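Content type CSV, C-alpha atoms and all ligand atoms, from the file target-v2.csv:
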```csv
chain,number,residue,atom,x,y,z
A,1,MET,CA,-19.5,75.9,-11.9
A,2,GLU,CA,-18.1,72.3,-12.2
A,3,LYS,CA,-20.7,69.6,-12.3
A,4,ILE,CA,-21.0,67.6,-9.1
A,5,ASN,CA,-21.1,63.8,-9.6
A,6,ALA,CA,-22.0,61.2,-6.9
A,7,VAL,CA,-19.3,58.6,-6.4
A,8,ILE,CA,-19.0,55.5,-4.3
A,9,THR,CA,-16.1,55.9,-1.9
A,10,GLY,CA,-16.4,52.8,0.3
A,11,ILE,CA,-18.3,49.6,0.8
A,12,GLY,CA,-19.1,47.3,3.8
A,13,GLY,CA,-21.0,44.1,3.9
A,14,TYR,CA,-22.3,41.4,6.2
A,15,VAL,CA,-23.8,38.0,5.7
A,16,PRO,CA,-25.0,35.8,8.7
A,17,GLU,CA,-22.8,32.8,9.6
A,18,TYR,CA,-25.5,30.1,9.3
A,19,ILE,CA,-25.4,28.3,5.9
A,20,LEU,CA,-28.6,26.6,4.7
A,21,ASP,CA,-27.4,24.4,1.9
A,22,ASN,CA,-29.5,22.5,-0.7
A,23,HIS,CA,-28.9,19.2,1.1
A,24,GLU,CA,-30.5,20.5,4.3
A,25,LEU,CA,-33.4,22.0,2.2
A,26,SER,CA,-33.8,18.6,0.5
A,27,ARG,CA,-34.4,17.0,3.9
A,28,MET,CA,-37.0,19.7,4.7
A,29,MET,CA,-39.1,19.4,1.5
A,30,ASP,CA,-39.5,17.6,-1.8
A,31,THR,CA,-36.6,19.1,-3.7
A,32,SER,CA,-33.0,18.3,-4.6
A,33,ASP,CA,-29.6,19.9,-5.0
A,34,GLU,CA,-29.8,18.9,-8.7
A,35,TRP,CA,-33.1,20.8,-9.3
A,36,ILE,CA,-32.1,23.9,-7.5
A,37,THR,CA,-28.6,24.1,-9.0
A,38,THR,CA,-29.7,23.5,-12.6
A,39,ARG,CA,-32.9,25.6,-12.5
A,40,VAL,CA,-31.8,28.5,-10.3
A,41,GLY,CA,-28.0,28.3,-9.8
A,42,ILE,CA,-28.1,28.3,-5.9
A,43,LYS,CA,-26.0,26.0,-3.8
A,44,GLU,CA,-26.5,27.6,-0.4
A,45,ARG,CA,-27.8,30.8,1.3
A,46,ARG,CA,-27.2,32.6,4.6
A,47,ILE,CA,-29.9,32.7,7.3
A,48,LEU,CA,-30.0,35.2,10.2
A,49,LYS,CA,-30.7,33.0,13.2
A,50,GLU,CA,-30.5,35.6,16.0
A,51,PRO,CA,-33.9,35.8,17.6
A,52,HIS,CA,-35.9,39.0,17.3
A,53,SER,CA,-33.5,40.5,14.9
A,54,GLY,CA,-34.1,42.2,11.5
A,55,PRO,CA,-32.1,43.6,8.6
A,56,SER,CA,-30.9,46.5,10.8
A,57,LEU,CA,-28.6,44.1,12.7
A,58,MET,CA,-26.8,43.1,9.4
A,59,ALA,CA,-26.9,46.7,8.1
A,60,VAL,CA,-25.2,48.0,11.2
A,61,LYS,CA,-22.4,45.3,11.0
A,62,ALA,CA,-21.9,46.3,7.3
A,63,ALA,CA,-21.7,50.0,8.2
A,64,GLU,CA,-19.3,49.3,11.0
A,65,GLU,CA,-17.0,47.6,8.5
A,66,LEU,CA,-17.4,50.5,6.1
A,67,PHE,CA,-16.6,53.1,8.8
A,68,SER,CA,-13.4,51.2,9.9
A,69,LYS,CA,-12.3,50.8,6.2
A,70,THR,CA,-12.8,54.4,5.2
A,71,GLY,CA,-12.2,56.2,8.5
A,72,THR,CA,-15.7,57.8,8.3
A,73,LYS,CA,-17.3,59.0,11.6
A,74,PRO,CA,-21.0,58.7,12.3
A,75,GLU,CA,-21.4,62.4,12.8
A,76,GLU,CA,-20.3,63.1,9.2
A,77,ILE,CA,-23.2,61.2,7.7
A,78,ASP,CA,-26.0,63.4,6.5
A,79,LEU,CA,-28.3,61.0,4.8
A,80,ILE,CA,-29.2,57.3,5.2
A,81,ILE,CA,-31.3,55.4,2.6
A,82,VAL,CA,-32.1,51.7,3.4
A,83,ALA,CA,-33.5,49.7,0.5
A,84,THR,CA,-35.4,46.9,2.0
A,85,SER,CA,-38.7,44.9,1.7
A,86,THR,CA,-38.2,43.2,5.1
A,87,ALA,CA,-37.8,46.2,7.4
A,88,ASP,CA,-37.6,45.4,11.1
A,89,TYR,CA,-41.0,46.9,11.6
A,90,ILE,CA,-43.7,48.5,9.3
A,91,PHE,CA,-42.6,51.6,11.3
A,92,PRO,CA,-40.4,53.1,12.5
A,93,SER,CA,-38.1,52.8,9.4
A,94,CYS,CA,-35.2,50.4,9.4
A,95,ALA,CA,-33.1,53.5,8.5
A,96,SER,CA,-34.0,55.2,11.8
A,97,ILE,CA,-33.1,52.1,13.7
A,98,VAL,CA,-29.8,51.8,11.9
A,99,ALA,CA,-29.1,55.5,12.6
A,100,GLU,CA,-29.8,55.0,16.3
A,101,LYS,CA,-27.6,51.9,16.5
A,102,LEU,CA,-24.7,53.7,14.7
A,103,ASN,CA,-25.2,56.8,16.8
A,104,ILE,CA,-25.8,58.9,13.7
A,105,LYS,CA,-27.7,62.0,14.9
A,106,ASN,CA,-27.2,64.6,12.1
A,107,ALA,CA,-28.9,62.7,9.2
A,108,LEU,CA,-32.1,62.4,7.3
A,109,ALA,CA,-32.9,58.6,7.3
A,110,PHE,CA,-35.6,56.8,5.4
A,111,ASP,CA,-36.4,53.4,3.9
A,112,LEU,CA,-37.0,52.9,0.2
A,113,GLN,CA,-39.0,50.0,-1.1
A,114,ALA,CA,-38.6,48.9,-4.7
A,115,ALA,CA,-38.2,45.2,-4.0
A,116,CYS,CA,-35.2,43.6,-5.6
A,117,SER,CA,-34.5,46.8,-7.6
A,118,GLY,CA,-34.3,48.7,-4.3
A,119,PHE,CA,-30.6,49.2,-4.2
A,120,ILE,CA,-30.2,50.7,-7.7
A,121,VAL,CA,-33.3,53.0,-7.1
A,122,ALA,CA,-31.7,54.0,-3.7
A,123,LEU,CA,-28.3,54.7,-5.3
A,124,ASP,CA,-29.9,56.8,-8.0
A,125,ASN,CA,-31.8,58.8,-5.4
A,126,ALA,CA,-28.6,59.2,-3.4
A,127,ALA,CA,-26.9,60.6,-6.5
A,128,SER,CA,-29.7,63.2,-6.9
A,129,PHE,CA,-29.3,64.3,-3.3
A,130,ILE,CA,-25.6,64.6,-3.8
A,131,GLU,CA,-25.8,66.4,-7.1
A,132,SER,CA,-28.2,68.9,-5.6
A,133,GLY,CA,-25.3,70.1,-3.5
A,134,ARG,CA,-27.3,69.7,-0.2
A,135,TYR,CA,-25.8,66.3,1.0
A,136,LYS,CA,-22.2,65.3,1.3
A,137,LYS,CA,-22.0,61.8,2.9
A,138,VAL,CA,-24.8,59.4,2.1
A,139,LEU,CA,-25.1,55.8,3.2
A,140,VAL,CA,-27.0,53.6,0.8
A,141,PHE,CA,-27.9,50.1,2.1
A,142,GLY,CA,-29.4,47.0,0.6
A,143,ALA,CA,-30.5,45.0,3.7
A,144,GLU,CA,-32.9,42.0,3.7
A,145,LYS,CA,-34.0,39.3,6.1
A,146,MET,CA,-35.7,37.3,3.3
A,147,SER,CA,-35.9,34.3,5.6
A,148,SER,CA,-38.6,36.2,7.6
A,149,ILE,CA,-40.9,36.1,4.6
A,150,THR,CA,-40.0,32.7,3.2
A,151,ASN,CA,-42.4,29.7,3.5
A,152,TYR,CA,-40.1,26.8,4.4
A,153,THR,CA,-42.9,24.3,3.4
A,154,ASP,CA,-43.2,25.7,-0.2
A,155,ARG,CA,-40.5,24.2,-2.5
A,156,THR,CA,-41.3,26.7,-5.2
A,157,THR,CA,-40.0,29.6,-3.2
A,158,ALA,CA,-38.1,28.3,-0.2
A,159,PRO,CA,-34.9,27.5,-2.0
A,160,LEU,CA,-34.6,31.0,-3.6
A,161,PHE,CA,-34.0,33.4,-0.8
A,162,GLY,CA,-31.2,34.3,1.6
A,163,ASP,CA,-30.3,37.1,4.1
A,164,GLY,CA,-27.6,39.7,4.0
A,165,ALA,CA,-26.8,43.4,3.9
A,166,ALA,CA,-24.3,45.7,2.3
A,167,VAL,CA,-23.7,49.5,2.3
A,168,VAL,CA,-22.0,52.0,0.1
A,169,LEU,CA,-20.8,55.5,1.0
A,170,VAL,CA,-21.7,58.0,-1.7
A,171,GLU,CA,-19.9,61.4,-1.8
A,172,PRO,CA,-19.7,64.4,-4.2
A,173,THR,CA,-16.8,64.7,-6.7
A,174,THR,CA,-16.0,66.9,-9.6
A,175,GLU,CA,-14.1,64.1,-11.3
A,176,LYS,CA,-15.9,62.2,-14.1
A,177,THR,CA,-16.6,59.2,-11.9
A,178,GLY,CA,-19.6,57.8,-10.0
A,179,VAL,CA,-23.2,57.5,-11.2
A,180,MET,CA,-23.1,58.5,-14.9
A,181,ASP,CA,-26.6,57.5,-16.1
A,182,SER,CA,-29.6,55.4,-15.1
A,183,ILE,CA,-32.8,54.0,-16.6
A,184,LEU,CA,-35.4,53.0,-13.9
A,185,ARG,CA,-38.8,51.7,-14.8
A,186,THR,CA,-42.0,50.4,-13.1
A,187,ASP,CA,-44.9,48.4,-14.5
A,188,GLY,CA,-47.8,47.7,-12.1
A,189,ILE,CA,-48.8,44.7,-14.3
A,190,GLY,CA,-46.5,42.7,-12.0
A,191,GLY,CA,-48.4,43.6,-8.8
A,192,SER,CA,-50.4,40.4,-8.2
A,193,HIS,CA,-47.8,38.0,-9.6
A,194,LEU,CA,-45.1,38.6,-6.9
A,195,MET,CA,-46.3,39.8,-3.6
A,196,LEU,CA,-46.8,39.5,0.1
A,197,LYS,CA,-50.6,39.1,0.3
A,198,SER,CA,-51.2,40.0,3.9
A,199,GLY,CA,-49.7,42.1,6.7
A,200,GLY,CA,-50.3,45.4,4.9
A,201,SER,CA,-53.3,47.7,5.4
A,202,VAL,CA,-55.5,46.0,2.7
A,203,ASN,CA,-55.2,42.6,4.4
A,204,PRO,CA,-54.0,43.1,8.0
A,205,SER,CA,-52.8,40.0,9.9
A,206,THR,CA,-55.5,37.6,11.0
A,207,TYR,CA,-55.5,34.0,12.2
A,208,GLU,CA,-56.8,33.1,8.7
A,209,SER,CA,-54.0,35.0,6.9
A,210,ILE,CA,-51.4,33.1,9.0
A,211,ASP,CA,-53.1,29.8,8.3
A,212,LYS,CA,-53.1,30.5,4.6
A,213,ALA,CA,-49.3,31.4,4.7
A,214,GLU,CA,-50.0,34.9,3.3
A,215,HIS,CA,-47.2,36.5,5.2
A,216,THR,CA,-44.6,34.8,3.0
A,217,VAL,CA,-43.6,35.4,-0.6
A,218,TYR,CA,-46.2,34.5,-3.2
A,219,GLN,CA,-44.6,34.2,-6.7
A,220,GLU,CA,-45.8,33.0,-10.0
A,221,GLY,CA,-42.3,31.9,-11.0
A,222,GLN,CA,-42.6,31.5,-14.8
A,223,TYR,CA,-44.6,34.7,-15.3
A,224,VAL,CA,-42.0,36.6,-13.3
A,225,PHE,CA,-39.1,34.8,-15.0
A,226,LYS,CA,-40.3,35.9,-18.5
A,227,HIS,CA,-40.7,39.6,-17.5
A,228,ALA,CA,-37.3,39.5,-15.6
A,229,VAL,CA,-35.5,38.2,-18.7
A,230,THR,CA,-37.1,40.7,-21.1
A,231,ASN,CA,-36.8,43.7,-18.9
A,232,MET,CA,-33.5,43.2,-17.1
A,233,ALA,CA,-31.6,42.0,-20.1
A,234,GLY,CA,-33.3,44.7,-22.2
A,235,VAL,CA,-32.5,47.6,-20.0
A,236,SER,CA,-28.9,46.5,-19.5
A,237,GLY,CA,-28.5,46.7,-23.3
A,238,ASP,CA,-30.5,50.0,-23.5
A,239,ILE,CA,-28.3,51.9,-21.1
A,240,MET,CA,-25.2,50.8,-23.0
A,241,GLU,CA,-26.6,51.8,-26.3
A,242,LYS,CA,-27.8,55.2,-24.9
A,243,ASN,CA,-24.3,56.0,-23.8
A,244,ASN,CA,-22.4,54.5,-26.8
A,245,LEU,CA,-20.8,51.8,-24.5
A,246,LYS,CA,-19.6,48.7,-26.3
A,247,ALA,CA,-19.3,45.3,-24.5
A,248,GLU,CA,-15.5,45.7,-24.3
A,249,ASP,CA,-15.9,49.1,-22.6
A,250,ILE,CA,-17.6,47.3,-19.6
A,251,ALA,CA,-15.3,46.2,-16.8
A,252,TRP,CA,-18.0,44.6,-14.7
A,253,LEU,CA,-21.7,43.7,-15.2
A,254,ILE,CA,-23.4,43.3,-11.8
A,255,PRO,CA,-26.9,41.8,-12.2
A,256,HIS,CA,-29.4,41.2,-9.5
A,257,GLN,CA,-29.0,37.6,-8.3
A,258,ALA,CA,-32.4,35.9,-8.7
A,259,ASN,CA,-31.7,33.1,-11.2
A,260,LEU,CA,-28.5,32.2,-13.0
A,261,ARG,CA,-30.6,31.8,-16.2
A,262,ILE,CA,-31.8,35.5,-15.9
A,263,ILE,CA,-28.2,36.6,-15.3
A,264,ASP,CA,-27.1,34.7,-18.4
A,265,ALA,CA,-29.8,36.5,-20.5
A,266,ALA,CA,-28.5,39.9,-19.3
A,267,ALA,CA,-24.9,38.8,-20.1
A,268,ASN,CA,-25.9,37.7,-23.6
A,269,ARG,CA,-27.9,40.9,-24.4
A,270,THR,CA,-25.0,43.1,-23.4
A,271,GLY,CA,-22.3,40.9,-25.0
A,272,VAL,CA,-20.2,41.4,-21.9
A,273,ASP,CA,-17.7,38.5,-21.5
A,274,TYR,CA,-18.9,36.0,-18.9
A,275,SER,CA,-15.7,36.5,-16.9
A,276,LYS,CA,-16.8,40.1,-16.2
A,277,VAL,CA,-20.2,39.1,-14.9
A,278,ILE,CA,-20.3,39.1,-11.1
A,279,ILE,CA,-22.1,36.2,-9.7
A,280,ASN,CA,-22.6,35.1,-6.1
A,281,ILE,CA,-26.1,33.6,-6.3
A,282,ASP,CA,-24.5,30.1,-5.8
A,283,ARG,CA,-23.5,31.1,-2.2
A,284,PHE,CA,-26.0,33.7,-1.1
A,285,GLY,CA,-29.2,33.0,-3.2
A,286,ASN,CA,-31.6,35.9,-3.9
A,287,THR,CA,-31.0,38.5,-1.2
A,288,SER,CA,-33.4,41.0,-2.9
A,289,ALA,CA,-32.2,44.6,-2.5
A,290,ALA,CA,-28.9,43.4,-0.9
A,291,SER,CA,-27.8,41.3,-3.9
A,292,ILE,CA,-26.0,44.0,-6.0
A,293,PRO,CA,-24.2,45.7,-3.1
A,294,LEU,CA,-23.1,42.3,-1.8
A,295,CYS,CA,-21.6,41.6,-5.2
A,296,MET,CA,-19.8,44.9,-5.1
A,297,TRP,CA,-18.6,44.2,-1.6
A,298,GLU,CA,-17.1,40.8,-2.6
A,299,TYR,CA,-15.4,42.2,-5.8
A,300,GLU,CA,-14.3,45.6,-4.4
A,301,LYS,CA,-10.6,44.8,-4.6
A,302,LYS,CA,-10.9,43.9,-8.3
A,303,PHE,CA,-12.4,47.2,-9.3
A,304,LYS,CA,-10.0,49.9,-10.6
A,305,LYS,CA,-10.6,53.6,-10.8
A,306,GLY,CA,-12.4,54.5,-14.0
A,307,ASP,CA,-13.9,51.0,-14.5
A,308,ASN,CA,-17.3,51.1,-16.2
A,309,LEU,CA,-19.8,49.1,-14.2
A,310,ILE,CA,-23.4,48.3,-15.2
A,311,LEU,CA,-25.7,47.5,-12.3
A,312,THR,CA,-29.0,46.0,-13.3
A,313,ALA,CA,-32.0,44.6,-11.4
A,314,PHE,CA,-35.6,43.4,-11.7
A,315,GLY,CA,-38.1,42.9,-8.9
A,316,ALA,CA,-41.7,43.0,-7.6
A,317,GLY,CA,-43.9,45.7,-8.9
A,318,PHE,CA,-42.6,45.1,-11.4
A,319,THR,CA,-39.6,47.4,-11.0
A,320,TRP,CA,-36.4,47.2,-13.0
A,321,GLY,CA,-33.6,49.3,-14.3
A,322,ALA,CA,-29.9,49.8,-14.8
A,323,ILE,CA,-27.2,52.2,-13.7
A,324,TRP,CA,-24.0,53.0,-15.5
A,325,LEU,CA,-21.3,53.7,-12.9
A,326,LYS,CA,-17.6,54.8,-13.2
A,327,TRP,CA,-15.7,53.4,-10.3
A,328,GLY,CA,-14.0,56.1,-8.2
A,329,TYR,CA,-11.0,54.5,-6.4
B,401,LIG,O1,-36.0,38.5,-7.5
B,401,LIG,C1,-36.7,39.1,-8.5
B,401,LIG,C2,-37.9,38.4,-9.0
B,401,LIG,N1,-37.9,37.0,-9.0
B,401,LIG,C3,-37.4,36.3,-10.1
B,401,LIG,O2,-36.8,36.9,-11.0
B,401,LIG,C4,-37.6,34.8,-10.1
B,401,LIG,C5,-38.1,34.4,-11.5
B,401,LIG,N2,-38.5,33.0,-11.6
B,401,LIG,C6,-37.6,32.0,-11.5
B,401,LIG,O3,-36.5,32.2,-11.3
B,401,LIG,C7,-38.1,30.6,-11.8
B,401,LIG,O4,-39.4,30.7,-12.4
B,401,LIG,C8,-38.2,29.7,-10.6
B,401,LIG,C9,-36.8,29.4,-10.1
B,401,LIG,C10,-39.0,30.4,-9.5
B,401,LIG,C11,-38.8,28.4,-10.9
B,401,LIG,O5,-38.1,27.8,-12.0
B,401,LIG,P1,-38.9,27.2,-13.3
B,401,LIG,O6,-37.9,26.7,-14.2
B,401,LIG,O7,-39.7,28.4,-13.8
B,401,LIG,O8,-39.8,26.1,-12.7
B,401,LIG,P2,-41.4,25.9,-12.8
B,401,LIG,O9,-42.0,26.8,-11.8
B,401,LIG,O10,-41.8,26.0,-14.2
B,401,LIG,O11,-41.6,24.4,-12.3
B,401,LIG,C12,-41.1,23.3,-13.1
B,401,LIG,C13,-41.3,22.1,-12.3
B,401,LIG,C14,-42.7,21.9,-11.7
B,401,LIG,O12,-43.1,20.5,-11.8
B,401,LIG,P3,-44.0,20.0,-13.0
B,401,LIG,O13,-45.3,20.8,-12.8
B,401,LIG,O14,-43.3,20.3,-14.2
B,401,LIG,O15,-44.2,18.6,-12.6
B,401,LIG,C15,-42.5,22.3,-10.3
B,401,LIG,O16,-43.5,21.7,-9.5
B,401,LIG,O17,-40.4,22.0,-11.2
B,401,LIG,C16,-41.2,21.8,-10.0
B,401,LIG,N3,-40.5,22.4,-8.9
B,401,LIG,C17,-39.5,21.9,-8.2
B,401,LIG,N4,-39.0,20.6,-8.2
B,401,LIG,C18,-38.0,20.4,-7.3
B,401,LIG,C19,-40.7,23.7,-8.5
B,401,LIG,N5,-39.8,24.0,-7.5
B,401,LIG,C20,-39.1,22.8,-7.3
B,401,LIG,C21,-38.1,22.5,-6.3
B,401,LIG,N6,-37.6,21.3,-6.4
B,401,LIG,N7,-37.6,23.4,-5.4
```

As a first step, turn the structure in this file into structure tokens.
Amino acid sequence: MEKINAVITGIGGYVPEYILDNHELSRMMDTSDEWITTRVGIKERRILKEPHSGPSLMAVKAAEELFSKTGTKPEEIDLIIVATSTADYIFPSCASIVAEKLNIKNALAFDLQAACSGFIVALDNAASFIESGRYKKVLVFGAEKMSSITNYTDRTTAPLFGDGAAVVLVEPTTEKTGVMDSILRTDGIGGSHLMLKSGGSVNPSTYESIDKAEHTVYQEGQYVFKHAVTNMAGVSGDIMEKNNLKAEDIAWLIPHQANLRIIDAAANRTGVDYSKVIINIDRFGNTSAASIPLCMWEYEKKFKKGDNLILTAFGAGFTWGAIWLKWGY
């Protein structure tokens, strides 16, 4: 029997209209366009302003675009995985809300939480579901409303994050395209250095937790930065070496968009020419699990069938990894 591969056959994306730029942020807190641009590489980020809305709103718009581009019908979808750390509610899952809003009734739907690495972990999971032969049309989302967990009085984290969502359709193929290999890792050493301290079952919400701003991102920036550089750059090189891929074999390197300096480190480690490194951090900031699929959404038209793509991410946990993907259309 021929091997079944899992290939991406379509993409949709959505970012909110509202643009929060560095100049507006500089009026809100003691920061500057110059600091944010040189230290992180962000100029502006999108913010979801609709009241009482979560990532499901953006995920649904992304999926509607994908459906109309690919001619896919909701009843054909048999699995939905939403990578998110900012789900609409603790439960029910964002995936089940997305399913309801899209009128998808024949699918298993669940959320996957691996912080900023969520999309590559979800894509690798989707590939396993497809390769098993049991699932045929899988939607993999990265969807985040990071503004809902951002403290806009803290200059060390407020400039970093933005909102957005993107989705890929994954299907079986017997061609040699799709997810070729992955390396995914976790090290719990990162746990206390990048977290949301309250709102979970260990520290449920209290007046005190709200007063102490424990429902927004806590990050020890330099500690996280060092691990991000070592691990994300390292694993990008490792997956290429493992598969005998040279820098010139890679059509596109798609790194998680947390800091331009971390992206540069991954580019250097792989040797991939900078013109082939996809960057949109300047316009969208760090959209956590949505950052890699948003890059793919923006560059879709430049991809060619058979292109080798390396996706790589690092996030809370710590979690990190890389996927080698052969573009399928
Ligand atoms: O998404 C996946 C996981 N997250 C990451 O990968 C993020 C990793 N970390 C980073 O990207 C960087 O550490 C940050 C962007 C968060 C911070 O950059 P940094 O170069 O590590 O800055 P720092 O924390 O070492 O701070 C340097 C200085 C400090 O002032 P002093 O103590 O030197 O006087 C900060 O108070 O910059 C100051 N600072 C700012 N100044 C102006 C920190 N934030 C700001 C700001 N505007 N927004």

(message) Using Å and a single decimal, report how far CA of Ala265 in chain A sits from atom O13 of ligand LIG 401 (chain B).
(response)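 Spanning atom O13 of ligand LIG 401 (chain B) to CA of Ala265 in chain A is a straight-line distance of 23.4 Å.
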
(request) Excluding Glu17 in chain A and any residue of its chain fewer than 6 positions from it, enumerate the residues within 9 Å of it, using only C-alpha atoms, and give them as an NGL selection string. (result) :A and (46-49)

(request) Counting all atoms listed in the file, name the residues that have an atom within 6 Å of an atom of ligand LIG 401 (chain B); the answer should be given as an MDAnalysis selection string. (result) chainID A and resid 31:32 35:36 39:40 116 155:156 159 221:222 224:225 228 258:259 288 314:315

(request) Would you work out the distance separating CA of Val202 in chain A from CA of Met58 in chain A, expressed in Å to one decimal? (result) 29.6 Å

(request) Give me, please, the distance in Å between CA of Arg45 in chain A and CA of His193 in chain A, quoted to one decimal. (result) 23.9 Å

(request) Measuring atom to atom with all atoms listed in the file, identify which of A:Ile310, A:Lys212, A:Ser275, A:Val140 is nearest to Met240 in chain A. (result)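 The closest residue to Met240 in chain A is A:Ile310.
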
(request) Using only C-alpha atoms, pick whichever of A:Ser201, A:Thr72, A:Gln257, A:Asn103 has the shortest atom-to-atom distance to Ala290 in chain A. (result)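 Selected residue with least distance to Ala290 in chain A: A:Gln257.
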
For range 299-306 of chain A, supply all heavy atoms and report the output as a compact mmCIF listing (two decimals), in the frame of the given file.
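Result went into rebuild15.txt, see below:
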```txt
# COMPACT_ATOMS: atom_id res chain seq x y z
N TYR A 299 -16.33 41.98 -4.64
CA TYR A 299 -15.40 42.20 -5.80
C TYR A 299 -14.66 43.54 -5.64
O TYR A 299 -13.89 43.89 -6.54
CB TYR A 299 -16.18 42.17 -7.09
CG TYR A 299 -16.35 40.77 -7.61
CD1 TYR A 299 -17.19 39.87 -6.96
CD2 TYR A 299 -15.66 40.33 -8.73
CE1 TYR A 299 -17.34 38.58 -7.41
CE2 TYR A 299 -15.81 39.04 -9.19
CZ TYR A 299 -16.65 38.17 -8.53
OH TYR A 299 -16.79 36.88 -8.99
N GLU A 300 -14.87 44.28 -4.56
CA GLU A 300 -14.30 45.60 -4.40
C GLU A 300 -12.83 45.70 -4.81
O GLU A 300 -12.40 46.59 -5.53
CB GLU A 300 -14.51 46.13 -2.98
CG GLU A 300 -13.99 47.53 -2.74
CD GLU A 300 -13.94 47.86 -1.25
OE1 GLU A 300 -14.03 46.93 -0.42
OE2 GLU A 300 -13.77 49.05 -0.92
N LYS A 301 -12.07 44.70 -4.34
CA LYS A 301 -10.60 44.80 -4.60
C LYS A 301 -10.25 44.61 -6.03
O LYS A 301 -9.16 44.99 -6.45
CB LYS A 301 -9.93 43.65 -3.74
CG LYS A 301 -9.87 43.98 -2.26
CD LYS A 301 -8.80 43.14 -1.57
CE LYS A 301 -8.57 43.59 -0.13
NZ LYS A 301 -9.74 43.36 0.73
N LYS A 302 -11.15 44.06 -6.84
CA LYS A 302 -10.90 43.90 -8.30
C LYS A 302 -11.20 45.13 -9.08
O LYS A 302 -10.78 45.25 -10.24
CB LYS A 302 -11.64 42.69 -8.82
CG LYS A 302 -11.28 41.39 -8.14
CD LYS A 302 -11.80 40.20 -8.90
CE LYS A 302 -11.40 38.93 -8.18
NZ LYS A 302 -11.57 37.73 -8.94
N PHE A 303 -12.01 46.03 -8.52
CA PHE A 303 -12.40 47.20 -9.30
C PHE A 303 -11.22 48.20 -9.33
O PHE A 303 -10.48 48.35 -8.37
CB PHE A 303 -13.57 47.94 -8.58
CG PHE A 303 -14.83 47.12 -8.47
CD1 PHE A 303 -15.83 47.49 -7.57
CD2 PHE A 303 -15.06 46.00 -9.26
CE1 PHE A 303 -17.01 46.76 -7.46
CE2 PHE A 303 -16.23 45.26 -9.16
CZ PHE A 303 -17.21 45.64 -8.25
N LYS A 304 -11.10 48.88 -10.48
CA LYS A 304 -10.00 49.90 -10.60
C LYS A 304 -10.70 51.25 -10.95
O LYS A 304 -11.78 51.30 -11.56
CB LYS A 304 -9.10 49.49 -11.76
CG LYS A 304 -8.24 48.28 -11.39
CD LYS A 304 -7.07 48.09 -12.33
CE LYS A 304 -7.43 47.55 -13.67
NZ LYS A 304 -8.01 46.19 -13.66
N LYS A 305 -10.04 52.31 -10.55
CA LYS A 305 -10.60 53.60 -10.80
C LYS A 305 -10.83 53.82 -12.31
O LYS A 305 -9.97 53.49 -13.12
CB LYS A 305 -9.57 54.70 -10.31
CG LYS A 305 -10.14 56.10 -10.39
CD LYS A 305 -9.32 57.10 -9.60
CE LYS A 305 -9.99 58.46 -9.72
NZ LYS A 305 -9.36 59.47 -8.91
N GLY A 306 -12.03 54.29 -12.61
CA GLY A 306 -12.40 54.50 -14.00
C GLY A 306 -13.10 53.34 -14.67
O GLY A 306 -13.62 53.46 -15.78
```
